[in-house]
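J.: File name run-v4.pdb; file contents PDB, C-alpha atoms and all ligand atoms; full text below.
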```
ATOM      1  CA  MET L   1       7.395  -3.122  25.898  1.00  0.00           C
ATOM      2  CA  GLY L   2      10.265  -4.021  23.598  1.00  0.00           C
ATOM      3  CA  LYS L   3       8.397  -7.146  22.501  1.00  0.00           C
ATOM      4  CA  ILE L   4       5.507  -5.173  21.031  1.00  0.00           C
ATOM      5  CA  VAL L   5       7.876  -3.022  18.991  1.00  0.00           C
ATOM      6  CA  LEU L   6       9.653  -6.144  17.774  1.00  0.00           C
ATOM      7  CA  ILE L   7       6.351  -7.740  16.713  1.00  0.00           C
ATOM      8  CA  LEU L   8       5.314  -4.563  14.890  1.00  0.00           C
ATOM      9  CA  ILE L   9       8.607  -4.361  13.020  1.00  0.00           C
ATOM     10  CA  LEU L  10       8.334  -8.038  12.104  1.00  0.00           C
ATOM     11  CA  PHE L  11       4.792  -7.469  10.838  1.00  0.00           C
ATOM     12  CA  PHE L  12       5.854  -4.608   8.571  1.00  0.00           C
ATOM     13  CA  VAL L  13       8.828  -6.554   7.231  1.00  0.00           C
ATOM     14  CA  ILE L  14       6.533  -9.482   6.361  1.00  0.00           C
ATOM     15  CA  ALA L  15       3.929  -7.172   4.824  1.00  0.00           C
ATOM     16  CA  TYR L  16       6.658  -5.517   2.760  1.00  0.00           C
ATOM     17  CA  ALA L  17       7.990  -8.893   1.605  1.00  0.00           C
ATOM     18  CA  ILE L  18       4.501 -10.031   0.586  1.00  0.00           C
ATOM     19  CA  ARG L  19       3.919  -6.777  -1.286  1.00  0.00           C
ATOM     20  CA  ARG L  20       7.209  -7.136  -3.132  1.00  0.00           C
ATOM     21  CA  ALA L  21       6.406 -10.742  -4.022  1.00  0.00           C
ATOM     22  CA  LEU L  22       2.978  -9.742  -5.366  1.00  0.00           C
ATOM     23  CA  GLY L  23       4.423  -6.786  -7.267  1.00  0.00           C
ATOM     24  CA  ALA L  24       7.056  -8.930  -8.932  1.00  0.00           C
ATOM     25  CA  ARG L  25       4.384 -11.388 -10.069  1.00  0.00           C
ATOM     26  CA  SER L  26       2.072  -8.863 -11.752  1.00  0.00           C
ATOM     27  CA  ARG L  27       4.020  -5.916 -13.043  1.00  0.00           C
ATOM     28  CA  ASP L  28       1.355  -4.628 -15.430  1.00  0.00           C
ATOM     29  CA  ASP L  29       0.463  -0.962 -15.125  1.00  0.00           C
ATOM     30  CA  ASP L  30      -3.280  -1.573 -14.921  1.00  0.00           C
ATOM     31  CA  ALA L  31      -4.813   1.657 -13.650  1.00  0.00           C
ATOM     32  CA  ASP L  32      -8.350   0.341 -13.260  1.00  0.00           C
ATOM     33  CA  ALA L  33      -7.692  -3.124 -11.930  1.00  0.00           C
ATOM     34  CA  PRO L  34     -10.395  -4.572  -9.711  1.00  0.00           C
ATOM     35  CA  SER L  35      -9.673  -3.791  -6.078  1.00  0.00           C
ATOM     36  CA  LYS L  36      -7.821  -6.523  -4.254  1.00  0.00           C
ATOM     37  CA  PRO L  37      -9.524  -8.129  -1.265  1.00  0.00           C
ATOM     38  CA  VAL L  38      -8.651  -6.104   1.808  1.00  0.00           C
ATOM     39  CA  ALA L  39      -6.921  -7.964   4.595  1.00  0.00           C
ATOM     40  CA  ARG L  40      -9.182  -8.787   7.523  1.00  0.00           C
ATOM     41  CA  GLY L  41      -8.413  -7.839  11.101  1.00  0.00           C
ATOM     42  CA  GLY L  42      -7.633  -4.167  10.570  1.00  0.00           C
ATOM     43  CA  ALA L  43      -4.162  -4.496  12.070  1.00  0.00           C
ATOM     44  CA  GLU L  44      -2.656  -3.082   8.919  1.00  0.00           C
ATOM     45  CA  ARG L  45      -1.402   0.490   8.872  1.00  0.00           C
ATOM     46  CA  MET L  46      -3.686   2.948   7.095  1.00  0.00           C
ATOM     47  CA  LEU L  47      -2.269   5.841   5.094  1.00  0.00           C
ATOM     48  CA  ALA L  48      -3.953   8.836   3.470  1.00  0.00           C
ATOM     49  CA  CYS L  49      -3.822   9.073  -0.306  1.00  0.00           C
ATOM     50  CA  GLN L  50      -1.845  12.179  -1.332  1.00  0.00           C
ATOM     51  CA  HIS L  51      -4.374  12.826  -4.092  1.00  0.00           C
ATOM     52  CA  CYS L  52      -7.843  12.222  -2.581  1.00  0.00           C
ATOM     53  CA  SER L  53      -6.976  11.765   1.137  1.00  0.00           C
ATOM     54  CA  ALA L  54      -8.732   8.396   1.264  1.00  0.00           C
ATOM     55  CA  MET L  55      -7.448   6.216   4.078  1.00  0.00           C
ATOM     56  CA  THR L  56      -6.043   3.090   2.440  1.00  0.00           C
ATOM     57  CA  PRO L  57      -4.244   0.029   3.826  1.00  0.00           C
ATOM     58  CA  MET L  58      -0.542   0.254   3.096  1.00  0.00           C
ATOM     59  CA  SER L  59      -0.515  -2.990   1.105  1.00  0.00           C
ATOM     60  CA  ALA L  60      -3.455  -1.928  -1.076  1.00  0.00           C
ATOM     61  CA  GLY L  61      -1.994   1.395  -2.211  1.00  0.00           C
ATOM     62  CA  VAL L  62       1.037   2.403  -4.212  1.00  0.00           C
ATOM     63  CA  VAL L  63       4.070   4.558  -3.385  1.00  0.00           C
ATOM     64  CA  ARG L  64       5.454   6.909  -6.028  1.00  0.00           C
ATOM     65  CA  GLY L  65       8.298   9.302  -5.337  1.00  0.00           C
ATOM     66  CA  GLY L  66       8.031   8.704  -1.599  1.00  0.00           C
ATOM     67  CA  ARG L  67       4.314   9.584  -1.534  1.00  0.00           C
ATOM     68  CA  PHE L  68       1.457   7.189  -0.888  1.00  0.00           C
ATOM     69  CA  TYR L  69      -1.597   6.882  -3.145  1.00  0.00           C
ATOM     70  CA  CYS L  70      -4.748   4.776  -2.834  1.00  0.00           C
ATOM     71  CA  THR L  71      -4.563   3.588  -6.434  1.00  0.00           C
ATOM     72  CA  GLU L  72      -2.196   3.517  -9.382  1.00  0.00           C
ATOM     73  CA  ALA L  73      -4.575   5.920 -11.133  1.00  0.00           C
ATOM     74  CA  HIS L  74      -4.195   8.560  -8.418  1.00  0.00           C
ATOM     75  CA  ALA L  75      -0.415   8.149  -8.411  1.00  0.00           C
ATOM     76  CA  LYS L  76      -0.463   8.887 -12.127  1.00  0.00           C
ATOM     77  CA  LYS L  77      -2.862  11.830 -11.766  1.00  0.00           C
ATOM     78  CA  ALA L  78      -0.712  13.401  -9.058  1.00  0.00           C
ATOM     79  CA  GLN L  79       2.395  13.062 -11.187  1.00  0.00           C
ATOM     80  CA  ASP L  80       0.713  14.493 -14.275  1.00  0.00           C
ATOM     81  CA  ALA L  81      -0.497  17.560 -12.348  1.00  0.00           C
TER
HETATM   82 ZN    ZN R   1      -6.618   8.537  -3.971  1.00  0.00          ZN
END
```
Rewrite the structure from the file as structure tokens, please.
Ligand SMILES: [Zn+2]

T.:
Amino acid sequence: MGKIVLILILFFVIAYAIRRALGARSRDDDADAPSKPVARGGAERMLACQHCSAMTPMSAGVVRGGRFYCTEAHAKKAQDA
């Protein structure tokens, strides 16, 4: 059973590293950017947007102040409110 946990942790570390690498490359604050292609397979963790409750893959959303949002636009809206 320990192997599965190890693989999951490894997966999240890699996903986090990829996300950081992508974020460092394009740091523009484009609120209405075209949606990125969603990773196939569905193994990625899905989180609910704190603004609209849409289930969004972790790598496709944004985190602001410890909360997860489906898009940059919703992160901004939630902070403005
Ligand atoms: Zn949302």

J.: So, counting only C-alpha atoms, which residue among L:Val5, L:Phe12, L:His74, L:Gly66 is closest to L:Ala54?

T.: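 Using only C-alpha atoms, L:Ala54 sits closest to L:His74.
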
J.: As a PyMOL selection string, please: every protein or nucleic acid residue near ligand ZN 1 (chain R) (cut-off 6 Å, counting only C-alpha atoms and all ligand atoms).

T.: chain L and resi 49+51-52+54+69-71+74

J.: So the first atom is atom CA of L:Val13 and the second is atom CA of L:Gln79; what is the distance between them in Å, to one decimal place?

T.: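 Atom-to-atom, atom CA of L:Val13 to atom CA of L:Gln79, that is 27.7 Å.
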
J.: Quick check, in Å to one decimal: how far apart do atom CA of L:Ser53 and atom CA of L:Phe68 lie?

T.: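 Interatomic distance, atom CA of L:Ser53 to atom CA of L:Phe68: 9.8 Å.
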
J.: So which residues get picked by the PyMOL selection byres (((chain L and resi 76) around 12) and not hetatm) here, written as a list in words?

T.: Asp29, Asp30, Ala31, Asp32, Gln50, His51, Val62, Val63, Arg64, Gly65, Arg67, Phe68, Tyr69, Cys70, Thr71, Glu72, Ala73, His74, Ala75, Lys77, Ala78, Gln79, Asp80 and Ala81 of chain L

J.: Hey, what comes out of the PyMOL selection byres (((chain L and resi 57) around 9) and not hetatm) on this file? Could you write it as a list of chain:residue names?

T.: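 Those residues are L:Val38, L:Ala39, L:Gly42, L:Glu44, L:Arg45, L:Met46, L:Leu47, L:Ala48, L:Met55, L:Thr56, L:Met58, L:Ser59, L:Ala60, L:Gly61, L:Cys70.
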
J.: Using atom CA of L:Ala43 and atom CA of L:Ala15 as the two end points, give the distance in Å to one decimal.

T.: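 So the answer is 11.2 Å.
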
J.: Taking all listed atoms of stretch 56-74 of chain L, build the axis-aligned box, pad each of the six sides by 8 Å, then write its centre and edge lengths in Å to one decimal as JSON.

T.:
```
{"center_x": 1.1, "center_y": 3.3, "center_z": -3.7, "size_x": 30.3, "size_y": 28.6, "size_z": 31.0}
```
